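So the structure is just underneath, and the comments pick up after that.
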Amino acid sequence: MTVLTLGPAGTFSHELAAALFGDDIELLPTIRAIIERVAGGSADGLVPIENSEAGGVGETLQGLMEFGVSITGEAYMPVRHHLAAREDPERLMVIYAHPQTHEQCSILLGSLGVEVVHTSSNAASAVAMQGDSRAGAIIPEMAATIYGLPIVLRDIQNNRENTTRFVQISATPRSDDRCTKCSLLVDPGTDRVGLLAEILGVFARRGINLTRIESRPSRRGIGRYVFFIDLEISEGWQEAKEELKRMTTVRELGCYARLEVPGI
């Protein structure tokens with residue numbers, strides 16, 4: 001089956017998808033477009049969900065809230081950002097960068113004091129700088145190669161351990177017994193003293209490790225949130241999930257295993 005991921009050519013998503021799935025990939029302009037297509041059942045998708053520097057990817061989290069898709073795999077990709085330009089960095093008038101890339105490279109960008117214009121993807125940043133000799137772009141190596149852009153500064157990310165976690169998504173859940181993690185979307189529907197402690201206690205009492213918990217606005221007003229929870233599958237996790245369902249509204253986002261990434 002074709003796998004959809006974020007384009008244009010040269011994004012980190014494109015590079016990872018090519019390593020995992022070869023040529024059977026299709027590039028779409030937005031994460032939302034990917035998730036919407038996947039929900040229709042015509043293809044699987046590969047989307048970024050969190051970064052070690054910038055945190056959760058809002059467009060992916062919102063898409064998981066809105067569309068009935070399941071997470072069926074995860075992969076981790078080291079992220080290396082480079083500044084491409086045809087001028088010395090000090091002579092640039094504008095630098096194009098994806099918002100998450102901007103955040104991940106904020107130290108260098110702040111020191112340059114150059115206007116930063118946000119784009120829809122890292123590859124779109126590469127396209128945007130073409131034709132303007134005083135423009136630069138923060139892009140991955142693959143995009144620099146595809147668009148023939150010279151790199152003037154390498155590895156400009158704030159943290160050399162910068163890593164992005166991607167998830168494979170499908171219209172149907174994974175059904176084999178090799179899964180090692182599960183993701184839940186928990187909607188308390190209300191706010192009260194001790195609510196979060198009660199939710200976490202369901203897992204703590206059973207010794208279940210949570211690898212991630214993140215709040216997201218429910219869009220029902222200030223102070224009302226839903227929670228994304230990732231947990232390691234271990235004894236008692238099903239019972240914990242059922243107890244949580246008696247307390248809150250729980251949507252299972254899928255159980256999955258880590259995908260091995262060749263060459264990355």
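Chain lettering (A, B, ...) mirrors the order of the structure tokens, residue numbering begins at 1 for each chain separately, and ligand numbering begins at 1 in order of display.
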Residues of stretch 26-104 of chain A classed as alpha helix (DSSP H) by DSSP on the backbone are to be reported as a VMD selection string. chain A and resid 31 to 39 58 to 66 99 to 104
Contacts between stretch 14-36 of chain A and stretch 115-148 of chain A, please, where a residue of stretch 115-148 of chain A counts if it comes within 10 Å (with only C-alpha atoms); show its shortest atom pair and distance in Å to one decimal, rows by chain and ascending number, as JSON lines.
```
{"residue": "A:Ser120", "atom": "CA", "partner": "A:Thr30", "partner_atom": "CA", "distance": 7.3}
{"residue": "A:Ser121", "atom": "CA", "partner": "A:Pro29", "partner_atom": "CA", "distance": 8.1}
{"residue": "A:Ala123", "atom": "CA", "partner": "A:His14", "partner_atom": "CA", "distance": 9.4}
{"residue": "A:Ala124", "atom": "CA", "partner": "A:Pro29", "partner_atom": "CA", "distance": 9.2}
{"residue": "A:Pro140", "atom": "CA", "partner": "A:Glu15", "partner_atom": "CA", "distance": 9.3}
{"residue": "A:Glu141", "atom": "CA", "partner": "A:Glu15", "partner_atom": "CA", "distance": 9.7}
{"residue": "A:Met142", "atom": "CA", "partner": "A:Glu15", "partner_atom": "CA", "distance": 7.1}
{"residue": "A:Ala143", "atom": "CA", "partner": "A:Glu15", "partner_atom": "CA", "distance": 9.2}
```
Show which residues sit within 12 Å of A:Ala135, as a list in words. Count only C-alpha atoms, and ignore same-chain residues fewer than 6 positions away.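 These residues fall inside the cut-off: Leu83, Ala84, Ala85, Arg86, Glu87, Asp88, Pro89, Glu90, Arg91, Leu92, Met93, Val94, Ile95, Tyr96, Ala97, Val114, Glu115, Val116, Val117, Ser125, Ala126, Val127, Ala128, Met129 and Leu149 of chain A.
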Could you write those residues out with N, CA, C and O atoms, as a tab-separated table (two decimals), in the first residue's frame?
```tsv
chain	number	residue	atom	x	y	z
A	83	LEU	N	21.98	25.59	7.39
A	83	LEU	CA	21.61	26.86	6.77
A	83	LEU	C	22.15	26.88	5.35
A	83	LEU	O	23.36	26.82	5.12
A	84	ALA	N	21.24	26.97	4.39
A	84	ALA	CA	21.61	27.08	2.98
A	84	ALA	C	21.50	28.53	2.55
A	84	ALA	O	20.54	29.23	2.90
A	85	ALA	N	22.49	29.01	1.82
A	85	ALA	CA	22.49	30.40	1.35
A	85	ALA	C	23.54	30.56	0.27
A	85	ALA	O	24.48	29.77	0.17
A	86	ARG	N	23.38	31.64	-0.50
A	86	ARG	CA	24.39	31.99	-1.51
A	86	ARG	C	25.19	33.22	-1.09
A	86	ARG	O	25.98	33.74	-1.87
A	87	GLU	N	24.97	33.67	0.13
A	87	GLU	CA	25.69	34.79	0.72
A	87	GLU	C	26.20	34.38	2.10
A	87	GLU	O	25.74	33.37	2.67
A	88	ASP	N	27.12	35.16	2.65
A	88	ASP	CA	27.50	34.95	4.02
A	88	ASP	C	26.27	35.16	4.92
A	88	ASP	O	25.44	36.03	4.64
A	89	PRO	N	26.14	34.40	5.98
A	89	PRO	CA	24.96	34.52	6.84
A	89	PRO	C	24.71	35.96	7.33
A	89	PRO	O	23.55	36.37	7.45
A	90	GLU	N	25.77	36.72	7.58
A	90	GLU	CA	25.62	38.08	8.09
A	90	GLU	C	25.02	39.03	7.06
A	90	GLU	O	24.55	40.12	7.41
A	91	ARG	N	25.04	38.65	5.78
A	91	ARG	CA	24.53	39.52	4.71
A	91	ARG	C	23.11	39.16	4.28
A	91	ARG	O	22.54	39.82	3.42
A	92	LEU	N	22.52	38.15	4.89
A	92	LEU	CA	21.17	37.72	4.50
A	92	LEU	C	20.13	38.72	4.99
A	92	LEU	O	20.26	39.31	6.06
A	93	MET	N	19.07	38.87	4.20
A	93	MET	CA	17.95	39.74	4.56
A	93	MET	C	16.77	38.95	5.14
A	93	MET	O	15.97	39.50	5.90
A	94	VAL	N	16.66	37.69	4.77
A	94	VAL	CA	15.55	36.86	5.24
A	94	VAL	C	15.99	35.41	5.25
A	94	VAL	O	16.82	34.99	4.43
A	95	ILE	N	15.47	34.66	6.22
A	95	ILE	CA	15.71	33.22	6.28
A	95	ILE	C	14.35	32.52	6.36
A	95	ILE	O	13.51	32.88	7.19
A	96	TYR	N	14.16	31.54	5.51
A	96	TYR	CA	12.92	30.77	5.50
A	96	TYR	C	13.09	29.52	6.38
A	96	TYR	O	14.11	28.83	6.30
A	97	ALA	N	12.07	29.24	7.19
A	97	ALA	CA	12.15	28.09	8.09
A	97	ALA	C	10.75	27.63	8.48
A	97	ALA	O	9.85	28.45	8.67
A	114	VAL	N	18.24	38.11	11.78
A	114	VAL	CA	17.66	38.22	10.44
A	114	VAL	C	16.17	37.89	10.51
A	114	VAL	O	15.75	37.05	11.31
A	115	GLU	N	15.36	38.54	9.67
A	115	GLU	CA	13.94	38.23	9.63
A	115	GLU	C	13.74	36.76	9.26
A	115	GLU	O	14.38	36.24	8.33
A	116	VAL	N	12.85	36.07	10.01
A	116	VAL	CA	12.55	34.67	9.72
A	116	VAL	C	11.11	34.58	9.22
A	116	VAL	O	10.19	35.07	9.87
A	117	VAL	N	10.94	33.98	8.07
A	117	VAL	CA	9.62	33.80	7.47
A	117	VAL	C	9.28	32.31	7.53
A	117	VAL	O	10.05	31.47	7.07
A	125	SER	N	10.84	25.63	2.43
A	125	SER	CA	11.84	26.66	2.72
A	125	SER	C	12.89	26.71	1.63
A	125	SER	O	13.33	27.79	1.21
A	126	ALA	N	13.32	25.52	1.16
A	126	ALA	CA	14.30	25.46	0.08
A	126	ALA	C	13.77	26.09	-1.19
A	126	ALA	O	14.47	26.83	-1.89
A	127	VAL	N	12.51	25.82	-1.49
A	127	VAL	CA	11.89	26.39	-2.70
A	127	VAL	C	11.77	27.91	-2.56
A	127	VAL	O	12.03	28.66	-3.50
A	128	ALA	N	11.41	28.38	-1.38
A	128	ALA	CA	11.15	29.81	-1.17
A	128	ALA	C	12.40	30.66	-1.36
A	128	ALA	O	12.30	31.82	-1.80
A	129	MET	N	13.57	30.14	-1.03
A	129	MET	CA	14.78	30.97	-1.10
A	129	MET	C	15.35	31.07	-2.51
A	129	MET	O	16.18	31.94	-2.79
A	149	LEU	N	21.29	23.58	-3.50
A	149	LEU	CA	21.57	24.75	-2.68
A	149	LEU	C	22.84	24.55	-1.85
A	149	LEU	O	23.03	23.49	-1.24
```
From A:Leu196, A:Ile138, A:Val57, A:Val79, residue lying nearest A:His118 [only C-alpha atoms]: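 Once distances to A:His118 are computed over only C-alpha atoms, the minimum belongs to A:Ile138.
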Quick one: residues within 10 Å of stretch 150-164 of chain A, only C-alpha atoms, excluding same-chain residues fewer than 4 positions away - as number ranges by chain? A: 12-13, 48-57, 75-89, 101-109, 136-141, 144-145
Which residues, written as a list in words, have at least one atom at most 8 Å from A:Glu214, with only C-alpha atoms counted and residues fewer than 4 positions away on the same chain left out? Gly56, Phe227, Phe228 and Ile229 of chain A
What's the separation between atom CA of A:Val69 and atom CA of A:Ala240, in Å to one decimal place? 22.4 Å
Selected residue of minimal separation from A:Glu235 among A:Thr180, A:Ser70, A:Thr11, A:Asn122, counting only C-alpha atoms: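 Of A:Thr180, A:Ser70, A:Thr11, A:Asn122, the one nearest A:Glu235, counting only C-alpha atoms, is A:Thr180.
From atom CA of A:Val47 back to atom CA of A:Val186, the distance works out to 20.9 Å.
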Counting only C-alpha atoms, figure out which residue out of A:Gln238, A:Thr119, A:Thr2, A:Thr190 gets nearest to A:Val202.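 Under the stated criterion, the closest residue is A:Gln238.
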Neighbours of A:Leu244 within 10 Å (only C-alpha atoms; same-chain residues fewer than 5 positions away dropped), as a ChimeraX atom specification? /A:186,188,198-203,238-239,249-250
Do you know which residues are at most 12 Å from A:Ala39 counting only C-alpha atoms, after dropping those on the same chain fewer than 5 positions away, and could you put them as a ChimeraX atom specification? /A:4,32-34,44-45,63-71,169-173
Between atom CA of A:Arg258 and atom CA of A:Cys179, what distance in Å does the model show, to one decimal? 8.3 Å
Test item, strand (DSSP E) assignment across stretch 27-258 of chain A, answer as an NGL selection string: :A and (27-28 or 44-51 or 55-56 or 70-78 or 82-85 or 94-97 or 115-118 or 135-139 or 151-153 or 163-170 or 181-187 or 210-217 or 225-232 or 249-258)
A:Gly131, A:Gly221, A:Gly10, A:Gly73: which is nearest A:Val167, counting only C-alpha atoms?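 With only C-alpha atoms as the atom set, the closest residue is A:Gly73.
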Determine the nearest neighbour of A:Asn209 from the options A:Arg224, A:Arg174, A:Lys181, A:Arg165, counting only C-alpha atoms. A:Lys181
Residue nearest A:Val261 among A:Lys241, A:Ser175, A:Ile213, A:Phe166 (counting only C-alpha atoms):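 Looking at the shortest contact to A:Val261, the residue is A:Phe166.
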